[in-house]
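Read through the structure below, which is laid out as C-alpha cells, and then see the notes.
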Amino acid sequence: MYRKTLRVSVCDEDRLTHNEFIGESRVALRRVKPDLNKHFKLCLEHPPPLPSPTAMSSALRGISIYLREWENDQQSSLEERGRLLLCLQFLPPATGGDAEQQPKERVKGGLSVGVKRCAHLAAMDVNGFSDPYVKTYLKPDLQKKSKHKTSVIKKTLNPEFNEEFFYEISFSDLTSKTLEVTVWDYDLGKSNDFIGGVSLGCHSQGDSLQHWVDCLKNKGTKVERWHTLTNQLPGSTLQD
C-alpha cells in the first residue's frame, strides 16, 4: 500500500456519446494510516485533453505535443526507486555538565543524520537484487568534506544500516544548507549504479520539507520519517 497511489477521476456522463473527462486528483496511500479516517480537500488536476491532431490547427498541435512531452518528463523525473528511513536531530551546543558527557566532536552542536534502513529498492543487478549503500552530503560543500558513506549490504532490496553521521554546524548555518541523501548499488571493478535519492532543506517540498522543518523546530529531538527515493535529484550531478 505504501508504494501505491489512489487516482480519482471526475467525468461528465453522456449517454449518447463518450463520457467527458473533467479532471483528476491523486493521493499517495502512504499518507493514510490503518484504521484511521483521513479527509482530503484536493483540487482537480490535468485539464481535459486537447482534440486530436487532425482536428486542430498547427499551433494547437504544437502545444499538444509539448504538453505530452512535458508530462512524460515529469513522470520520468518522479520515478520511484524505493524508500528510505531517516532520523534527523539537531543538537544545540553543550554547556556545563552536558559538555562533559558529550563526545568531543559534538560539544559545539550540529546535525545528526541517522540512516536506518531502506525498503523495496530498485533491483540493479542481474540476480534481481542490489548491493546497496547510502551516502550523505550537506550542501553547499565548497571544501568537499561533508561526504559520509554507510557500509555495503550484499544482495538485498531491504537493507538495514542503523548508522549515524554527525555534521558540526551552527543552527544559523544549517538553515541555508541542503542535506542530500543518495542510495547506490556497489559494483566491484566498475562504476556504482545510482538507485535513488532525496534532498532535504528549506527549498524542498512535501515530506522532505516537513521533515527538515520538524528537525529545526524541535532541537534535541530525534525526528524519523520515511522518504520516497526518486531517480533524480534537483541540482545534483549524481556523481558517485
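Labeling convention for the C-alpha cells: chains A, B, ... as they appear, residues from 1 per chain, ligands from 1 in order of appearance.
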Tell me which protein, DNA and RNA residues are within 10 Å of A:Val223, counting only C-alpha atoms, leaving out same-chain ones fewer than 5 positions away, and put them as a ChimeraX atom specification.
/A:86-90,113-114,211-212,214-216,218
When you look at A:Ser9 with a cut-off of 9 Å (counting only C-alpha atoms), what residues show up, excluding the ones that are within fewer than 4 positions of it in the same chain? I need them as a count of residues only.
7
Once DSSP has gone over the backbone, tell me which residues of stretch 114-218 of chain A are in strand (DSSP E), as JSON, numbers by chain.
{"A": [114, 115, 116, 117, 118, 119, 132, 133, 134, 135, 136, 137, 138, 139, 148, 149, 160, 161, 162, 163, 164, 165, 166, 167, 168, 178, 179, 180, 181, 182, 183, 184, 185, 193, 194, 195, 196, 197, 198, 199, 200, 201]}
Those residues you just picked out, can you put them in a file as a compact mmCIF listing (two decimals), in the first residue's frame with N, CA and C atoms?
# COMPACT_ATOMS: atom_id res chain seq x y z
N GLY A 114 20.75 9.96 11.00
CA GLY A 114 20.70 8.52 11.18
C GLY A 114 20.12 7.84 9.96
N VAL A 115 20.92 6.99 9.30
CA VAL A 115 20.44 6.21 8.16
C VAL A 115 19.98 4.87 8.71
N LYS A 116 18.67 4.68 8.78
CA LYS A 116 18.11 3.49 9.43
C LYS A 116 18.04 2.29 8.48
N ARG A 117 17.19 2.40 7.47
CA ARG A 117 17.00 1.27 6.56
C ARG A 117 16.36 1.73 5.26
N CYS A 118 16.36 0.85 4.28
CA CYS A 118 15.66 1.08 3.01
C CYS A 118 14.67 -0.05 2.79
N ALA A 119 13.68 0.21 1.94
CA ALA A 119 12.68 -0.80 1.63
C ALA A 119 12.31 -0.73 0.16
N PRO A 132 23.34 -2.47 -1.85
CA PRO A 132 23.15 -1.03 -1.58
C PRO A 132 24.03 -0.48 -0.46
N TYR A 133 24.33 0.80 -0.61
CA TYR A 133 24.91 1.60 0.45
C TYR A 133 24.39 3.02 0.28
N VAL A 134 24.53 3.85 1.32
CA VAL A 134 23.95 5.19 1.35
C VAL A 134 25.05 6.22 1.56
N LYS A 135 24.93 7.34 0.85
CA LYS A 135 25.86 8.46 1.03
C LYS A 135 25.06 9.70 1.44
N THR A 136 25.67 10.54 2.26
CA THR A 136 25.05 11.80 2.67
C THR A 136 26.02 12.94 2.41
N TYR A 137 25.46 14.07 1.95
CA TYR A 137 26.22 15.30 1.76
C TYR A 137 25.43 16.43 2.39
N LEU A 138 26.13 17.43 2.89
CA LEU A 138 25.50 18.66 3.36
C LEU A 138 25.99 19.78 2.44
N LYS A 139 25.11 20.24 1.56
CA LYS A 139 25.49 21.19 0.51
C LYS A 139 24.89 22.56 0.77
N HIS A 148 29.63 11.39 3.78
CA HIS A 148 29.65 10.22 4.66
C HIS A 148 29.06 9.04 3.89
N LYS A 149 29.50 7.85 4.23
CA LYS A 149 29.05 6.67 3.50
C LYS A 149 28.85 5.50 4.46
N GLU A 160 19.22 -3.01 6.16
CA GLU A 160 19.21 -2.29 7.43
C GLU A 160 20.63 -1.80 7.69
N PHE A 161 20.77 -0.48 7.89
CA PHE A 161 22.07 0.11 8.11
C PHE A 161 22.28 0.51 9.58
N ASN A 162 21.34 1.27 10.12
CA ASN A 162 21.43 1.74 11.51
C ASN A 162 22.78 2.41 11.78
N GLU A 163 23.18 3.31 10.88
CA GLU A 163 24.41 4.06 11.03
C GLU A 163 24.09 5.55 11.19
N GLU A 164 24.95 6.24 11.92
CA GLU A 164 24.69 7.65 12.25
C GLU A 164 25.91 8.49 11.92
N PHE A 165 25.65 9.63 11.30
CA PHE A 165 26.72 10.57 10.94
C PHE A 165 26.43 11.92 11.58
N PHE A 166 27.51 12.66 11.85
CA PHE A 166 27.34 13.93 12.55
C PHE A 166 28.05 15.05 11.79
N TYR A 167 27.33 16.17 11.62
CA TYR A 167 27.88 17.36 11.00
C TYR A 167 27.96 18.48 12.04
N GLU A 168 29.16 18.91 12.36
CA GLU A 168 29.32 20.03 13.30
C GLU A 168 29.00 21.32 12.56
N THR A 178 21.41 22.17 2.45
CA THR A 178 20.56 21.10 1.94
C THR A 178 21.23 19.76 2.19
N LEU A 179 20.50 18.85 2.80
CA LEU A 179 21.02 17.51 3.05
C LEU A 179 20.64 16.62 1.86
N GLU A 180 21.64 16.12 1.18
CA GLU A 180 21.40 15.24 0.03
C GLU A 180 21.76 13.82 0.42
N VAL A 181 20.80 12.92 0.28
CA VAL A 181 20.99 11.51 0.64
C VAL A 181 20.76 10.66 -0.61
N THR A 182 21.75 9.87 -0.97
CA THR A 182 21.63 9.04 -2.17
C THR A 182 21.93 7.59 -1.84
N VAL A 183 21.27 6.69 -2.58
CA VAL A 183 21.46 5.25 -2.39
C VAL A 183 22.08 4.69 -3.67
N TRP A 184 23.11 3.87 -3.50
CA TRP A 184 23.87 3.34 -4.62
C TRP A 184 23.96 1.83 -4.54
N ASP A 185 24.18 1.22 -5.71
CA ASP A 185 24.44 -0.21 -5.81
C ASP A 185 25.93 -0.40 -6.07
N ASP A 193 26.11 1.91 -9.47
CA ASP A 193 24.85 2.34 -10.06
C ASP A 193 24.06 3.19 -9.08
N PHE A 194 23.55 4.31 -9.55
CA PHE A 194 22.69 5.15 -8.73
C PHE A 194 21.30 4.53 -8.66
N ILE A 195 20.80 4.31 -7.45
CA ILE A 195 19.46 3.75 -7.26
C ILE A 195 18.43 4.85 -7.09
N GLY A 196 18.66 5.76 -6.17
CA GLY A 196 17.71 6.84 -5.94
C GLY A 196 18.19 7.76 -4.83
N GLY A 197 17.48 8.85 -4.64
CA GLY A 197 17.89 9.80 -3.62
C GLY A 197 16.79 10.74 -3.21
N VAL A 198 17.12 11.58 -2.23
CA VAL A 198 16.18 12.57 -1.72
C VAL A 198 16.97 13.76 -1.19
N SER A 199 16.43 14.96 -1.33
CA SER A 199 17.05 16.18 -0.82
C SER A 199 16.16 16.79 0.25
N LEU A 200 16.76 17.19 1.37
CA LEU A 200 16.02 17.80 2.46
C LEU A 200 16.61 19.17 2.77
N GLY A 201 15.76 20.18 2.81
CA GLY A 201 16.21 21.53 3.09
C GLY A 201 15.03 22.49 3.00
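When atom CA of A:Arg31 is paired with atom CA of A:Arg225, their separation reads 11.9 Å.
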Shortest interatomic distance to A:Asp131 - which of A:Lys4, A:Arg30, A:Lys219, A:Lys154, counting only C-alpha atoms
A:Lys154
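Using only C-alpha atoms, the smallest distance between any of A:Leu157, A:Leu6, A:Leu209, A:Ile169 and A:Ala122 comes from A:Leu157.
Here atom CA of A:Asp125 and atom CA of A:Gln232 stand 19.5 Å from one another.
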Measure the distance from atom CA of A:Gly128 to atom CA of A:Ser208 in Å and round it to one decimal.
29.0 Å
